[in-house]
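Chemist: Have a look at this one.
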Amino acid sequence: WRAVHAAGAAPSPRSGMAAAVCNAVVLCFGGVIDTDAKRIGHSVFMDELRSFDLQDERWEDPWSLPTGAPAPRARMGAQLAVAAGRLWMFGGMFESGSREVTLADLWSVPLGDRREWVCVTPHDYASQEWLGDADSDSESSESGTTADEHSDAEGDAKYGARFEAPMVAPDRLADKARAAVELVNGFHFAMMSDAPRNSAYLAALEAVVTPSSVVLDLGTGAGLLALLAARLGARHVY
């Protein structure tokens, strides 16, 4: 084994990314970031199509696709293959509420300059039967509640209820729905931990922010850009 110190902006940490090799280039799609590995419905599924050059050992930027063009939904565990000058993708899975949905759609995209996905065989959601877990179904029947109702009840629980003394939840979050807080925080944690992405933002701001700069960060979200601007010495940051 050899540790590869790859150049370029690497994908964020994830599992279940599909991959195929074509002409010394690894093509990768999707994957999942688990925000709570113990609970279904607390995962962020990705729909990026990325490539890694094996000769230059460099990650390329995500493939840009025409605005509004059809594209496969985010997923993990798909199967990829290269044939006839196209990348082909079949299946995979994603989560919808308390359910894990296994896909049976087939997509393809040309490997040339014209990168537009084509859906060869769509997934038939209407005919898909939810089988669930036998043990969970049995327990739900005995208690008179369904798996979805269990999920809803857990999702309605207050965030502050998950902590025991001496730990406490911040007042601004304590009365919020636990599922919503964990989902949002988990997604932002993954973004804030994406070092190549953050380094690119820092380099861009370094080129324009001066001690006399007044910075307005619209839609600040986690506040990363505002924090970086302040760190770089901007006069005012809003």
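Residue numbering restarts at 1 in every chain; chains get A, B, ... in the order shown in the structure tokens, and ligands count up from 1 in that same order.
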Skipping near chain neighbours, those fewer than 3 positions away, what residues fall within 7 Å of region 94-111 of chain A using only C-alpha atoms, listed as number ranges by chain?

Modeler: A: 40-41, 45, 75-76, 85-91, 114-123, 148, 151

Chemist: Counting only C-alpha atoms, what is within 12 Å of Ala204 (chain A), bar same-chain residues fewer than 5 positions away, as a PyMOL selection string?

Modeler: chain A and resi 197-199+209+225+228-229+232

Chemist: Any chance you could export the current selection's N, CA, C and O atoms as a PDB file, in the first residue's frame?

Modeler:
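Result file is result-v5.pdb:
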```pdb
ATOM      1  N   ARG A 197     -12.545  21.996   0.407  1.00  0.00           N
ATOM      2  CA  ARG A 197     -13.554  23.013   0.097  1.00  0.00           C
ATOM      3  C   ARG A 197     -13.261  24.299   0.874  1.00  0.00           C
ATOM      4  O   ARG A 197     -13.265  25.406   0.307  1.00  0.00           O
ATOM      5  N   ASN A 198     -12.991  24.157   2.163  1.00  0.00           N
ATOM      6  CA  ASN A 198     -12.753  25.330   2.999  1.00  0.00           C
ATOM      7  C   ASN A 198     -11.460  26.044   2.600  1.00  0.00           C
ATOM      8  O   ASN A 198     -11.388  27.280   2.638  1.00  0.00           O
ATOM      9  N   SER A 199     -10.443  25.279   2.214  1.00  0.00           N
ATOM     10  CA  SER A 199      -9.179  25.884   1.779  1.00  0.00           C
ATOM     11  C   SER A 199      -9.376  26.697   0.505  1.00  0.00           C
ATOM     12  O   SER A 199      -8.763  27.754   0.315  1.00  0.00           O
ATOM     13  N   VAL A 209      -9.882  40.251   0.267  1.00  0.00           N
ATOM     14  CA  VAL A 209     -10.138  40.901   1.555  1.00  0.00           C
ATOM     15  C   VAL A 209      -8.894  41.648   2.016  1.00  0.00           C
ATOM     16  O   VAL A 209      -7.791  41.096   2.041  1.00  0.00           O
ATOM     17  N   LEU A 225     -17.799  31.731   5.771  1.00  0.00           N
ATOM     18  CA  LEU A 225     -17.182  32.804   4.995  1.00  0.00           C
ATOM     19  C   LEU A 225     -17.011  34.068   5.833  1.00  0.00           C
ATOM     20  O   LEU A 225     -15.998  34.764   5.716  1.00  0.00           O
ATOM     21  N   LEU A 228     -14.028  33.518   8.099  1.00  0.00           N
ATOM     22  CA  LEU A 228     -12.773  33.615   7.367  1.00  0.00           C
ATOM     23  C   LEU A 228     -12.431  35.069   7.047  1.00  0.00           C
ATOM     24  O   LEU A 228     -11.267  35.477   7.143  1.00  0.00           O
ATOM     25  N   ALA A 229     -13.451  35.840   6.667  1.00  0.00           N
ATOM     26  CA  ALA A 229     -13.215  37.254   6.365  1.00  0.00           C
ATOM     27  C   ALA A 229     -12.715  37.995   7.607  1.00  0.00           C
ATOM     28  O   ALA A 229     -11.798  38.823   7.531  1.00  0.00           O
ATOM     29  N   LEU A 232      -9.164  37.172   8.281  1.00  0.00           N
ATOM     30  CA  LEU A 232      -8.241  37.823   7.347  1.00  0.00           C
ATOM     31  C   LEU A 232      -8.106  39.326   7.601  1.00  0.00           C
ATOM     32  O   LEU A 232      -7.405  40.019   6.866  1.00  0.00           O
TER      33      LEU A 232
END
```

Chemist: Within 7 Å of Ser51 (chain A), counting only C-alpha atoms, which residues show up once you throw out same-chain ones fewer than 3 positions away? Write them as a list in words, please.

Modeler: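 Neighbouring residues, sequence-local ones excluded: Val25, Val26, Leu27, Cys28, Trp59 and Glu60 of chain A.
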
Chemist: If you keep N, CA, C and O atoms, can you produce a file of those selected residues as a PDB file, in the first residue's frame?

Modeler:
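See again37.pdb below for the written result:
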```
ATOM      1  N   VAL A  25      -8.601   6.833 -15.560  1.00  0.00           N
ATOM      2  CA  VAL A  25      -9.413   7.787 -14.804  1.00  0.00           C
ATOM      3  C   VAL A  25     -10.465   7.005 -14.021  1.00  0.00           C
ATOM      4  O   VAL A  25     -11.148   6.145 -14.585  1.00  0.00           O
ATOM      5  N   VAL A  26     -10.580   7.287 -12.734  1.00  0.00           N
ATOM      6  CA  VAL A  26     -11.610   6.664 -11.904  1.00  0.00           C
ATOM      7  C   VAL A  26     -12.829   7.589 -11.872  1.00  0.00           C
ATOM      8  O   VAL A  26     -12.703   8.762 -11.513  1.00  0.00           O
ATOM      9  N   LEU A  27     -13.969   7.071 -12.284  1.00  0.00           N
ATOM     10  CA  LEU A  27     -15.218   7.827 -12.261  1.00  0.00           C
ATOM     11  C   LEU A  27     -16.020   7.399 -11.031  1.00  0.00           C
ATOM     12  O   LEU A  27     -16.199   6.199 -10.790  1.00  0.00           O
ATOM     13  N   CYS A  28     -16.491   8.358 -10.255  1.00  0.00           N
ATOM     14  CA  CYS A  28     -17.167   8.067  -8.989  1.00  0.00           C
ATOM     15  C   CYS A  28     -18.509   8.791  -8.929  1.00  0.00           C
ATOM     16  O   CYS A  28     -18.618   9.935  -9.373  1.00  0.00           O
ATOM     17  N   TRP A  59      -7.762  14.946  -8.100  1.00  0.00           N
ATOM     18  CA  TRP A  59      -9.217  14.987  -8.165  1.00  0.00           C
ATOM     19  C   TRP A  59      -9.647  16.153  -9.048  1.00  0.00           C
ATOM     20  O   TRP A  59      -9.143  17.267  -8.891  1.00  0.00           O
ATOM     21  N   GLU A  60     -10.555  15.887  -9.968  1.00  0.00           N
ATOM     22  CA  GLU A  60     -11.123  16.955 -10.777  1.00  0.00           C
ATOM     23  C   GLU A  60     -12.390  17.476 -10.109  1.00  0.00           C
ATOM     24  O   GLU A  60     -12.997  16.804  -9.272  1.00  0.00           O
TER      25      GLU A  60
END
```

Chemist: Would you mind reading off the distance between CA of Leu65 (chain A) and CA of Asn23 (chain A), one decimal, in Å?

Modeler: 21.7 Å

Chemist: To one decimal place in Å, what is the distance between CA of Trp63 (chain A) and CA of Gly16 (chain A)?

Modeler: 18.9 Å

Chemist: Taking 6 positions as the minimum chain separation for residues in the same chain, which residues sit within 9 Å of Phe29 (chain A) when counting only C-alpha atoms? Answer as a PyMOL selection string.

Modeler: chain A and resi 17-19+46-51+74-76+78+80+89

Chemist: Could you write out that same residue set with N, CA and C atoms as a tab-separated table (two decimals), in the first residue's frame?

Modeler:
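As a result, selection07.tsv now contains:
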```tsv
chain	number	residue	atom	x	y	z
A	17	MET	N	-19.70	5.09	-2.13
A	17	MET	CA	-19.51	5.73	-3.43
A	17	MET	C	-19.24	4.67	-4.49
A	18	ALA	N	-19.94	4.76	-5.63
A	18	ALA	CA	-19.72	3.83	-6.73
A	18	ALA	C	-18.55	4.29	-7.57
A	19	ALA	N	-17.80	3.36	-8.19
A	19	ALA	CA	-16.62	3.72	-8.96
A	19	ALA	C	-16.42	2.78	-10.14
A	46	MET	N	-25.46	11.78	-1.66
A	46	MET	CA	-24.78	12.65	-2.61
A	46	MET	C	-25.14	12.27	-4.05
A	47	ASP	N	-25.11	13.28	-4.94
A	47	ASP	CA	-25.38	13.03	-6.36
A	47	ASP	C	-24.27	13.57	-7.26
A	48	GLU	N	-23.07	13.74	-6.70
A	48	GLU	CA	-21.95	14.25	-7.47
A	48	GLU	C	-21.38	13.16	-8.38
A	49	LEU	N	-20.96	13.57	-9.56
A	49	LEU	CA	-20.18	12.71	-10.45
A	49	LEU	C	-18.77	13.27	-10.48
A	50	ARG	N	-17.82	12.54	-9.91
A	50	ARG	CA	-16.45	13.01	-9.77
A	50	ARG	C	-15.50	12.12	-10.57
A	51	SER	N	-14.30	12.63	-10.85
A	51	SER	CA	-13.29	11.84	-11.54
A	51	SER	C	-11.93	12.06	-10.89
A	74	ALA	N	-29.75	11.35	-5.86
A	74	ALA	CA	-28.66	10.99	-4.96
A	74	ALA	C	-28.88	9.58	-4.42
A	75	ARG	N	-27.76	8.86	-4.21
A	75	ARG	CA	-27.85	7.47	-3.78
A	75	ARG	C	-26.50	6.97	-3.32
A	76	MET	N	-26.48	5.78	-2.74
A	76	MET	CA	-25.25	5.08	-2.44
A	76	MET	C	-25.34	3.67	-3.03
A	78	ALA	N	-24.56	2.26	-5.88
A	78	ALA	CA	-24.92	1.97	-7.27
A	78	ALA	C	-23.84	1.12	-7.93
A	80	LEU	N	-21.51	0.87	-11.37
A	80	LEU	CA	-21.04	1.64	-12.51
A	80	LEU	C	-20.27	0.74	-13.47
A	89	MET	N	-24.92	3.50	-15.14
A	89	MET	CA	-25.17	3.35	-13.71
A	89	MET	C	-26.50	2.66	-13.48
```

Chemist: Write out as a ChimeraX atom specification which residues come within 12 Å of Ala7 (chain A) when counting only C-alpha atoms, dropping same-chain ones fewer than 2 positions away.

Modeler: /A:4-5,9-11,52-61,196

Chemist: In Å to one decimal, how far is CA of Ala200 (chain A) from CA of Gly219 (chain A)?

Modeler: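 Computed distance, CA of Gly219 (chain A) to CA of Ala200 (chain A), equals 18.7 Å.
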
Chemist: Give me, as a ChimeraX atom specification, all polymer residues having an atom no more than 12 Å from Val237 (chain A), counting only C-alpha atoms and skipping those fewer than 4 positions away in the same chain.

Modeler: /A:209-218,220,223-233

Chemist: Please dump the current selection as a PDB file, in the first residue's frame; keep N, CA, C and O atoms.

Modeler:
```pdb
ATOM      1  N   VAL A 209      -9.882  40.251   0.267  1.00  0.00           N
ATOM      2  CA  VAL A 209     -10.138  40.901   1.555  1.00  0.00           C
ATOM      3  C   VAL A 209      -8.894  41.648   2.016  1.00  0.00           C
ATOM      4  O   VAL A 209      -7.791  41.096   2.041  1.00  0.00           O
ATOM      5  N   THR A 210      -9.090  42.918   2.366  1.00  0.00           N
ATOM      6  CA  THR A 210      -8.009  43.771   2.888  1.00  0.00           C
ATOM      7  C   THR A 210      -8.450  44.363   4.228  1.00  0.00           C
ATOM      8  O   THR A 210      -9.634  44.274   4.592  1.00  0.00           O
ATOM      9  N   PRO A 211      -7.533  44.988   4.965  1.00  0.00           N
ATOM     10  CA  PRO A 211      -7.921  45.608   6.251  1.00  0.00           C
ATOM     11  C   PRO A 211      -8.994  46.676   6.125  1.00  0.00           C
ATOM     12  O   PRO A 211      -9.648  47.015   7.123  1.00  0.00           O
ATOM     13  N   SER A 212      -9.210  47.211   4.925  1.00  0.00           N
ATOM     14  CA  SER A 212     -10.244  48.235   4.746  1.00  0.00           C
ATOM     15  C   SER A 212     -11.564  47.656   4.247  1.00  0.00           C
ATOM     16  O   SER A 212     -12.527  48.397   4.032  1.00  0.00           O
ATOM     17  N   SER A 213     -11.642  46.347   4.069  1.00  0.00           N
ATOM     18  CA  SER A 213     -12.827  45.711   3.484  1.00  0.00           C
ATOM     19  C   SER A 213     -14.008  45.717   4.457  1.00  0.00           C
ATOM     20  O   SER A 213     -13.848  45.518   5.662  1.00  0.00           O
ATOM     21  N   VAL A 214     -15.200  45.937   3.897  1.00  0.00           N
ATOM     22  CA  VAL A 214     -16.455  45.745   4.623  1.00  0.00           C
ATOM     23  C   VAL A 214     -17.163  44.581   3.936  1.00  0.00           C
ATOM     24  O   VAL A 214     -17.494  44.651   2.753  1.00  0.00           O
ATOM     25  N   VAL A 215     -17.372  43.497   4.665  1.00  0.00           N
ATOM     26  CA  VAL A 215     -17.872  42.250   4.085  1.00  0.00           C
ATOM     27  C   VAL A 215     -19.298  41.993   4.541  1.00  0.00           C
ATOM     28  O   VAL A 215     -19.595  42.037   5.742  1.00  0.00           O
ATOM     29  N   LEU A 216     -20.184  41.739   3.586  1.00  0.00           N
ATOM     30  CA  LEU A 216     -21.568  41.353   3.873  1.00  0.00           C
ATOM     31  C   LEU A 216     -21.758  39.926   3.382  1.00  0.00           C
ATOM     32  O   LEU A 216     -21.668  39.658   2.185  1.00  0.00           O
ATOM     33  N   ASP A 217     -22.004  38.984   4.296  1.00  0.00           N
ATOM     34  CA  ASP A 217     -22.162  37.564   3.955  1.00  0.00           C
ATOM     35  C   ASP A 217     -23.652  37.241   3.899  1.00  0.00           C
ATOM     36  O   ASP A 217     -24.283  36.953   4.917  1.00  0.00           O
ATOM     37  N   LEU A 218     -24.215  37.282   2.688  1.00  0.00           N
ATOM     38  CA  LEU A 218     -25.639  36.991   2.509  1.00  0.00           C
ATOM     39  C   LEU A 218     -25.877  35.491   2.598  1.00  0.00           C
ATOM     40  O   LEU A 218     -25.138  34.693   2.032  1.00  0.00           O
ATOM     41  N   THR A 220     -25.691  33.486   5.278  1.00  0.00           N
ATOM     42  CA  THR A 220     -24.439  33.062   5.897  1.00  0.00           C
ATOM     43  C   THR A 220     -24.396  31.595   6.296  1.00  0.00           C
ATOM     44  O   THR A 220     -23.339  30.992   6.347  1.00  0.00           O
ATOM     45  N   GLY A 223     -21.834  30.299   8.676  1.00  0.00           N
ATOM     46  CA  GLY A 223     -21.019  31.462   8.970  1.00  0.00           C
ATOM     47  C   GLY A 223     -19.556  31.317   8.614  1.00  0.00           C
ATOM     48  O   GLY A 223     -18.731  32.139   9.020  1.00  0.00           O
ATOM     49  N   LEU A 224     -19.210  30.291   7.843  1.00  0.00           N
ATOM     50  CA  LEU A 224     -17.802  30.028   7.537  1.00  0.00           C
ATOM     51  C   LEU A 224     -17.142  31.203   6.812  1.00  0.00           C
ATOM     52  O   LEU A 224     -16.046  31.647   7.182  1.00  0.00           O
ATOM     53  N   LEU A 225     -17.799  31.731   5.771  1.00  0.00           N
ATOM     54  CA  LEU A 225     -17.182  32.804   4.995  1.00  0.00           C
ATOM     55  C   LEU A 225     -17.011  34.068   5.833  1.00  0.00           C
ATOM     56  O   LEU A 225     -15.998  34.764   5.716  1.00  0.00           O
ATOM     57  N   ALA A 226     -17.991  34.352   6.676  1.00  0.00           N
ATOM     58  CA  ALA A 226     -17.875  35.516   7.548  1.00  0.00           C
ATOM     59  C   ALA A 226     -16.712  35.352   8.528  1.00  0.00           C
ATOM     60  O   ALA A 226     -15.948  36.293   8.780  1.00  0.00           O
ATOM     61  N   LEU A 227     -16.564  34.161   9.079  1.00  0.00           N
ATOM     62  CA  LEU A 227     -15.471  33.904  10.015  1.00  0.00           C
ATOM     63  C   LEU A 227     -14.115  34.026   9.323  1.00  0.00           C
ATOM     64  O   LEU A 227     -13.166  34.582   9.892  1.00  0.00           O
ATOM     65  N   LEU A 228     -14.028  33.518   8.099  1.00  0.00           N
ATOM     66  CA  LEU A 228     -12.773  33.615   7.367  1.00  0.00           C
ATOM     67  C   LEU A 228     -12.431  35.069   7.047  1.00  0.00           C
ATOM     68  O   LEU A 228     -11.267  35.477   7.143  1.00  0.00           O
ATOM     69  N   ALA A 229     -13.451  35.840   6.667  1.00  0.00           N
ATOM     70  CA  ALA A 229     -13.215  37.254   6.365  1.00  0.00           C
ATOM     71  C   ALA A 229     -12.715  37.995   7.607  1.00  0.00           C
ATOM     72  O   ALA A 229     -11.798  38.823   7.531  1.00  0.00           O
ATOM     73  N   ALA A 230     -13.306  37.694   8.758  1.00  0.00           N
ATOM     74  CA  ALA A 230     -12.855  38.326  10.005  1.00  0.00           C
ATOM     75  C   ALA A 230     -11.423  37.898  10.333  1.00  0.00           C
ATOM     76  O   ALA A 230     -10.599  38.708  10.771  1.00  0.00           O
ATOM     77  N   ARG A 231     -11.145  36.630  10.110  1.00  0.00           N
ATOM     78  CA  ARG A 231      -9.795  36.116  10.374  1.00  0.00           C
ATOM     79  C   ARG A 231      -8.754  36.800   9.492  1.00  0.00           C
ATOM     80  O   ARG A 231      -7.610  37.023   9.923  1.00  0.00           O
ATOM     81  N   LEU A 232      -9.164  37.172   8.281  1.00  0.00           N
ATOM     82  CA  LEU A 232      -8.241  37.823   7.347  1.00  0.00           C
ATOM     83  C   LEU A 232      -8.106  39.326   7.601  1.00  0.00           C
ATOM     84  O   LEU A 232      -7.405  40.019   6.866  1.00  0.00           O
ATOM     85  N   GLY A 233      -8.822  39.832   8.611  1.00  0.00           N
ATOM     86  CA  GLY A 233      -8.614  41.217   9.028  1.00  0.00           C
ATOM     87  C   GLY A 233      -9.536  42.238   8.407  1.00  0.00           C
ATOM     88  O   GLY A 233      -9.212  43.430   8.373  1.00  0.00           O
TER      89      GLY A 233
END
```
